[in-house]
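Each remark here refers to the structure printed beneath this line.
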Amino acid sequence: LWEASRLGHGAAKGEAPGCAMKVVAVALLVLEGVWSFQSTRPMRVLPRCPPLRAAEGVPTITKQRIASRELEIRRLEAELAEQKRLLGFDRRELKRLSQVAAPTFRETTMRSLIKAVGWRIVAGFVTFISSYYFTRQIGVSLAIVGSDFISKSTTMFIGERLFNRVKVGRSAKGDNLSRSIAKALIWRAFAFVNTAVVSGFLTASAGLGSKIAAADAVFKTSLMVAYDQLWNKIDWGKELENVGGDGI
């Protein structure tokens with residue numbers, strides 16, 4: 001090609017053009033032969049790269065890890081359920097032991113006697129006021145109070161000794177409010193009948209006796225609850241139970 005270019009340049013100066021054309025033709029033939037030779041050679045095929053995909057084994061490892069954690073969670077849940085069951089058992093056992101072994105107190109005979117007499121003094125004052133309000137007679141009112149004092153002091157003392165055997169609602173601190181209310185209601189049922197009969201007999205009027213008894217019931221029920229709760233603050237005459245040695 002270089003030679004053809006040189007010859008062509010020479011032809012441009014007036015030299016014979018036939019030689020240049022021959023050189024160009026030869027060059028073209030050479031190029032065609034080279035191209036044909038390259039075309040007849042088998043082409044080497046490069047190996048194809050495999051397509052990109054997730055690393056083999058990763059999903060399997062992930063599944064195993066998930067299964068392991070799920071198994072651990074189930075184990076922990078079973079252990080938690082067992083611990084809850086044991087906690088409930090311990091709480092029930094503690095409650096049972098507290099009820100059985102907790103220190104409680106009982107009243108001495110002298111405490112019950114003083115308690116009954118003290119209540120009759122307080123209740124007698126209320127009975128006198130209600131009796132005098134309905135009868136307007138001091139003598140009759142005093143007679144009703146005297147009768148109540150004799151009969152009810154004895155019955156209340158017996159009631160206190162009977163309640164002393166019942167431990168429901170009682171602790172080392174004394175009687176709770178529910179126990180005092182129960183005692184007041186039970187006692188008032190008996191006292192109402194007693195007062196109505198005595199007052200009706202002394203006033204010669206069953207209706208008048210019932211009014212006196214009803215007035216007593218209204219005032220004395222709540223008053224007796226307060227009186228019983230007040231005795232919780234007095235330690236005299238208490239004897240502790242469920243301890244190594246009774247008595248205070």
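Every chain in the structure tokens takes a letter, A first, then B, and so on in the order presented; its residues are numbered from 1, and the ligands are numbered from 1 following the presented order.
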inquiry  = Applying 10 Å and only C-alpha atoms, which residues near Asp148 (chain A) remain after dropping the ones on its own chain fewer than 6 positions away? List them as a VMD selection string.
reply    = chain A and resid 120 123 to 124 127 142 154 191 194 to 195 198 to 199
Enumerate as a PDB file with N, CA, C and O atoms, in the first residue's frame all residues of region 72-241 of chain A assigned to strand (DSSP E) by DSSP on the backbone, naming them with the chain letters and numbers the document uses.
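Output contents, as saved in states.pdb:
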```pdb
ATOM      1  N   THR A 104     -52.935 -16.054 116.488  1.00  0.00           N
ATOM      2  CA  THR A 104     -54.228 -15.444 116.782  1.00  0.00           C
ATOM      3  C   THR A 104     -54.352 -15.339 118.296  1.00  0.00           C
ATOM      4  O   THR A 104     -53.504 -15.822 119.039  1.00  0.00           O
ATOM      5  N   PHE A 105     -55.400 -14.701 118.742  1.00  0.00           N
ATOM      6  CA  PHE A 105     -55.553 -14.568 120.183  1.00  0.00           C
ATOM      7  C   PHE A 105     -56.922 -15.080 120.612  1.00  0.00           C
ATOM      8  O   PHE A 105     -57.861 -15.160 119.834  1.00  0.00           O
ATOM      9  N   ARG A 106     -56.999 -15.444 121.836  1.00  0.00           N
ATOM     10  CA  ARG A 106     -58.276 -15.781 122.452  1.00  0.00           C
ATOM     11  C   ARG A 106     -58.418 -14.930 123.707  1.00  0.00           C
ATOM     12  O   ARG A 106     -57.434 -14.446 124.277  1.00  0.00           O
ATOM     13  N   GLU A 107     -59.662 -14.749 124.116  1.00  0.00           N
ATOM     14  CA  GLU A 107     -59.939 -13.918 125.283  1.00  0.00           C
ATOM     15  C   GLU A 107     -59.966 -14.757 126.548  1.00  0.00           C
ATOM     16  O   GLU A 107     -60.459 -15.891 126.548  1.00  0.00           O
ATOM     17  N   ARG A 170     -60.459 -13.537 112.905  1.00  0.00           N
ATOM     18  CA  ARG A 170     -59.650 -13.124 114.064  1.00  0.00           C
ATOM     19  C   ARG A 170     -58.178 -13.343 113.742  1.00  0.00           C
ATOM     20  O   ARG A 170     -57.803 -14.370 113.173  1.00  0.00           O
ATOM     21  N   SER A 171     -57.336 -12.393 114.121  1.00  0.00           N
ATOM     22  CA  SER A 171     -55.891 -12.492 113.931  1.00  0.00           C
ATOM     23  C   SER A 171     -55.206 -12.019 115.204  1.00  0.00           C
ATOM     24  O   SER A 171     -55.859 -11.793 116.233  1.00  0.00           O
ATOM     25  N   GLY A 174     -56.612  -8.757 116.399  1.00  0.00           N
ATOM     26  CA  GLY A 174     -57.959  -8.714 116.954  1.00  0.00           C
ATOM     27  C   GLY A 174     -59.005  -9.113 115.944  1.00  0.00           C
ATOM     28  O   GLY A 174     -58.701  -9.692 114.895  1.00  0.00           O
ATOM     29  N   ASP A 175     -60.278  -8.783 116.241  1.00  0.00           N
ATOM     30  CA  ASP A 175     -61.382  -9.112 115.347  1.00  0.00           C
ATOM     31  C   ASP A 175     -61.426  -8.119 114.191  1.00  0.00           C
ATOM     32  O   ASP A 175     -61.313  -6.901 114.401  1.00  0.00           O
ATOM     33  N   LYS A 238     -55.791 -10.796 126.574  1.00  0.00           N
ATOM     34  CA  LYS A 238     -55.596 -11.558 125.341  1.00  0.00           C
ATOM     35  C   LYS A 238     -54.587 -12.675 125.581  1.00  0.00           C
ATOM     36  O   LYS A 238     -53.610 -12.490 126.293  1.00  0.00           O
ATOM     37  N   GLU A 239     -54.825 -13.816 124.948  1.00  0.00           N
ATOM     38  CA  GLU A 239     -53.879 -14.928 124.976  1.00  0.00           C
ATOM     39  C   GLU A 239     -53.591 -15.350 123.546  1.00  0.00           C
ATOM     40  O   GLU A 239     -54.511 -15.697 122.805  1.00  0.00           O
ATOM     41  N   LEU A 240     -52.313 -15.278 123.182  1.00  0.00           N
ATOM     42  CA  LEU A 240     -51.946 -15.655 121.814  1.00  0.00           C
ATOM     43  C   LEU A 240     -51.992 -17.158 121.648  1.00  0.00           C
ATOM     44  O   LEU A 240     -51.636 -17.920 122.536  1.00  0.00           O
ATOM     45  N   GLU A 241     -52.433 -17.579 120.443  1.00  0.00           N
ATOM     46  CA  GLU A 241     -52.458 -18.985 120.082  1.00  0.00           C
ATOM     47  C   GLU A 241     -51.498 -19.232 118.948  1.00  0.00           C
ATOM     48  O   GLU A 241     -51.036 -18.304 118.275  1.00  0.00           O
TER      49      GLU A 241
END
```
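For the atom pair formed by CA of Arg75 (chain A) and CA of Arg92 (chain A), the distance is 26.2 Å, given to one decimal.
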ask   = Pick the closest to Ser112 (chain A) from A:Gly88, A:Gly159, A:Gly146, A:Pro59: which is it, counting only C-alpha atoms?
value =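 Looking only at the distances to Ser112 (chain A), the closest residue turns out to be A:Gly159.
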remark   = Judged by only C-alpha atoms, the minimum distance to Asn164 (chain A) among A:Asp235, A:Val225, A:Arg111, A:Asp216 is found for A:Arg111
note = Counting only C-alpha atoms, the residue among A:Arg74, A:Lys84, A:Arg91, A:Arg188 that lies closest to Ser222 (chain A) is A:Arg188
